[in-house]
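Asker: Quick one: structure below, then a few questions.
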Amino acid sequence: MSENKQLINAILAQYQKAEITCLFLHDRKKEKKINLLTIFELIPSEQESSLVFGNKKTSYMERETIDSELTLYVTRLINQDIIKVVDQYKNAENGMDLLYESLNAHISVPYLISQEPSGFNPLLIKSNEEKTIGRILPKRNTSFRVWSKLNTDKKWLKDYSDKVFDKIGDISRQNLGFDLSAIPEHIGNIYLFGCNPILRKWGSKLIDREKELFLSFHEREGHTIVGCELVLEEERSKNTGFTLRKEITSRREKVELPYFPHAVHTKIYDQSGNLIERSFGTWINFQFNMSIQESVMNLEVKGGKGTEVVSIPKYSRVATNTVGDYDLSTARYLRSALDERRFEELESNKEFIFFPNAENSKVKAQSTVRELLNMAGSRCMILDPYFQASDLVYAFIIRNISIPIQIISSASFLKEEIKIREVQKKLLRRFYRWMVSIFRKPKKGQTQGQALLDGIESYQKLYSQQKIECKVLRGKKSPLHDRYIVIDNDVYLLGSSLNEFGSRATTIIKVPTPKPMIEQALKWWEDEEICLSLKSYNNKPDE
């Protein structure tokens with residue numbers, strides 16, 4: 001018998017029955033019932049069956065009609081045979097057969113799915129902590145094993161309209177407790193999971209406030225925790241402290257620790273050496289404040305819709321209470337020193353930079369922006385609703401001429417007349433002095449948009465190999481407020497416009513989730529109704 005088959009048999013022996021929850025789309029045009037999400041659950045002893053949904057006629061199924069060709073179904077089948085359910089999961093690529101009372105449906109999987117992790121090796125997760133898989137699985141008191149078959153290529157979903165996704169959201173919210181349309185990474189996936197087969201629940205607490213850890217286990221009927229292995233591993237200032245291994249001998253265990261712990265990882269392995277439980281806990285002091293409401297101040301605010309009364313309660317703080325008296329100062333000493341240097345690390349990694357309006361702040365700020373722009377290898381966009389001719393220096397200094405420089409400014413600013421003295425003053429600064437030969441002398445009555453176009457055209461005549469494009473967001477009020485630059489697949493948020501960047505206290509922040517901002521920038525750029533080319537805008541600035 002192979003090691004993989006032995007593992008499967010050992011796992012199956014720990015559970016009593018199984019359940020199937022499946023959301024599928026009946027596509028009459030394709031003559032297929034297509035899997036949208038399937039969850040197989042292995043049920044241990046003393047776990048009640050899940051609630052079913054439906055009506056008197058079909059108490060195991062709900063449906064949502066989309067149109068004459070498409071219907072959504074969600075079904076939950078309880079008291080299923082474990083062997084058959086696991087075989088369904090293992091062979092899901094070939095489709096799944098749902099047989100229950102009047103239901104006889106073959107659910108097809110017409111897309112690629114991949115086992116994660118490979119083989120029949122499960123992940124162990126806690127449903128109340130894990131934010132990816134855990135959010136779509138039922139909540140349980142213990143950890144559970146999860147096997148996944150993931151559909152990572154979602155191109156097949158493009159065949160369906162927004163109406164389909166709206167209905168998927170409706171039926172999943174009403175019956176499954178989450179909106180599947182809002183988490184499309186789970187659409188098309190198939191999961192098999194089972195919670196802790198030995199324990200209904202368990203807990204641990206530190207006693208004597210010294211170094212004894214007390215654990216209590218609530219066993220399932222027909223199973224025992226005795227003979228399982230307990231592993232305790234301390235985490236101290238992000239390093240590993242002590243590690244203890246102990247065979248569990250009763251439902252109540254007291255473990256003497258070498259010293260007062262900072263944080264402890266707890267793992268439990270069954271008698272066969274399989275991980276069935278894990279947790280992580282820290283011991284900290286915390287404070288809470290008590291306050292008393294003294295009075296309520298009512299303010300009358302006059303607006304376009306009349307007078308509105310705003311009530312503002314006023315409080316006074318009575319006391320601050322501290323719970324716990326753990327002295328972790330020595331354990332946190334090195335960690336605190338590292339945290340204090342975190343600011344410097346963020347700056348060196350170009351993730352967060354603060355320019356405090358010091359003597360050299362402006363030079364440093366502008367130099368940093370130039371450095372970021374020169375990191376571009378495949379895409380370079382500058383979005384600034386106040387981008388003007390004097391800011392073109394940031395485009396001119398980009399060394400990589402193989403990518404176009406895309407600039408987005410705003411009509412609400414570019415329609416303004418330029419102040420000639422102000423422009424000349426800027427061009428005479430050391431930072432802009434070399435640009436004087438590029439720009440034509442601004443004319444009286446010329447707009448910011450015309451001056452910007454002149455600057456681009458003058459530079460293109462001088463150096464045509466580098467492509468600079470500029471577009472203008474239309475509207476009396478620009479839809480763009482903040483200033484940011486897109487460098488390949490990264491986005492950096494700027495605290496002020498480029499023309500005065502660094503003159504006052506400001507920041508550069510690397511956006512942790514740049515995709516939505518990049519998509520919005522590209523959407524503006526490609527929509528000629530919203531974003532005109534600078535030349536087209538100058539020809540008809542009022543339209």
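Identifiers in the structure tokens: chain A, B, ... in order shown; residue index from 1 per chain; ligand index from 1 in order shown.
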Excluding Asn539 in chain A and any residue of its chain fewer than 5 positions from it, enumerate the residues within 12 Å of it, using only C-alpha atoms, and give them as a PDB file with N, CA, C and O atoms, in the first residue's frame.
Answerer:
```pdb
ATOM      1  N   LYS A 415      -6.964  75.250 -18.105  1.00  0.00           N
ATOM      2  CA  LYS A 415      -7.667  76.361 -18.755  1.00  0.00           C
ATOM      3  C   LYS A 415      -7.247  77.717 -18.191  1.00  0.00           C
ATOM      4  O   LYS A 415      -7.532  78.762 -18.768  1.00  0.00           O
ATOM      5  N   THR A 447      -2.772  79.970 -21.981  1.00  0.00           N
ATOM      6  CA  THR A 447      -3.242  79.122 -20.890  1.00  0.00           C
ATOM      7  C   THR A 447      -2.153  78.125 -20.472  1.00  0.00           C
ATOM      8  O   THR A 447      -1.176  77.901 -21.200  1.00  0.00           O
ATOM      9  N   GLY A 449      -2.513  75.012 -20.443  1.00  0.00           N
ATOM     10  CA  GLY A 449      -2.546  73.914 -21.408  1.00  0.00           C
ATOM     11  C   GLY A 449      -1.718  74.205 -22.640  1.00  0.00           C
ATOM     12  O   GLY A 449      -1.000  73.337 -23.149  1.00  0.00           O
ATOM     13  N   GLN A 450      -1.812  75.447 -23.143  1.00  0.00           N
ATOM     14  CA  GLN A 450      -1.039  75.820 -24.330  1.00  0.00           C
ATOM     15  C   GLN A 450       0.460  75.825 -24.034  1.00  0.00           C
ATOM     16  O   GLN A 450       1.274  75.375 -24.843  1.00  0.00           O
ATOM     17  N   LEU A 453       1.678  72.198 -23.897  1.00  0.00           N
ATOM     18  CA  LEU A 453       1.823  71.617 -25.230  1.00  0.00           C
ATOM     19  C   LEU A 453       3.054  72.181 -25.936  1.00  0.00           C
ATOM     20  O   LEU A 453       3.798  71.439 -26.585  1.00  0.00           O
ATOM     21  N   LEU A 532      -9.104  63.606 -22.893  1.00  0.00           N
ATOM     22  CA  LEU A 532      -8.705  64.039 -24.230  1.00  0.00           C
ATOM     23  C   LEU A 532      -7.194  64.166 -24.344  1.00  0.00           C
ATOM     24  O   LEU A 532      -6.502  64.394 -23.348  1.00  0.00           O
ATOM     25  N   SER A 533      -6.686  64.038 -25.568  1.00  0.00           N
ATOM     26  CA  SER A 533      -5.278  64.369 -25.779  1.00  0.00           C
ATOM     27  C   SER A 533      -5.110  65.864 -25.544  1.00  0.00           C
ATOM     28  O   SER A 533      -6.047  66.654 -25.732  1.00  0.00           O
ATOM     29  N   LEU A 534      -3.933  66.263 -25.110  1.00  0.00           N
ATOM     30  CA  LEU A 534      -3.678  67.678 -24.804  1.00  0.00           C
ATOM     31  C   LEU A 534      -3.912  68.553 -26.030  1.00  0.00           C
ATOM     32  O   LEU A 534      -4.469  69.659 -25.930  1.00  0.00           O
TER      33      LEU A 534
END
```
Asker: Show which residues sit within 10 Å of Val74 in chain A, as a list of chain:residue names. Count only C-alpha atoms, and ignore same-chain residues fewer than 6 positions away.
Answerer: A:Thr21, A:Cys22, A:Leu23, A:Phe24, A:Leu25, A:Leu36, A:Leu37, A:Thr38, A:Phe53, A:Gly54, A:Tyr60, A:Met61, A:Glu62, A:Arg63, A:Glu64, A:Ile168, A:Ile171, A:Ser172, A:Asn175, A:Leu176
Asker: Just list as number ranges by chain whatever in range 85-277 of chain A DSSP marks as strand (DSSP E or B).
Answerer: A: 96-100, 103-108, 114-116, 123-126, 143-150, 189-195, 199-207, 212-219, 229-236, 239-247, 252-256, 263-269, 275-277
Asker: With only C-alpha atoms as the counted atoms, please give the residues lying no more than 6 Å from range 199-206 of chain A, apart from itself and same-chain residues fewer than 4 positions off, as an MDAnalysis selection string.
Answerer: chainID A and resid 141:142 212:220
Asker: Out of A:Glu69, A:Glu308, A:Glu233, A:Asp339, which residue has the shortest atom-to-atom distance to Lys32 in chain A when counting only C-alpha atoms?
Answerer: A:Glu69
Asker: Residues near Thr65 in chain A, anyone? I mean within 10 Å using only C-alpha atoms, not counting same-chain ones fewer than 5 positions away, as a list in words.
Answerer: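 What passes the distance filter is Leu25, His26, Leu70, Thr71, Leu72, Tyr73, Val164 and Lys167 of chain A.
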Asker: Can you measure CA of Gly194 in chain A to CA of Ala182 in chain A for me? One decimal in Å is fine.
Answerer: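 Interatomic distance, CA of Gly194 in chain A to CA of Ala182 in chain A: 25.1 Å.
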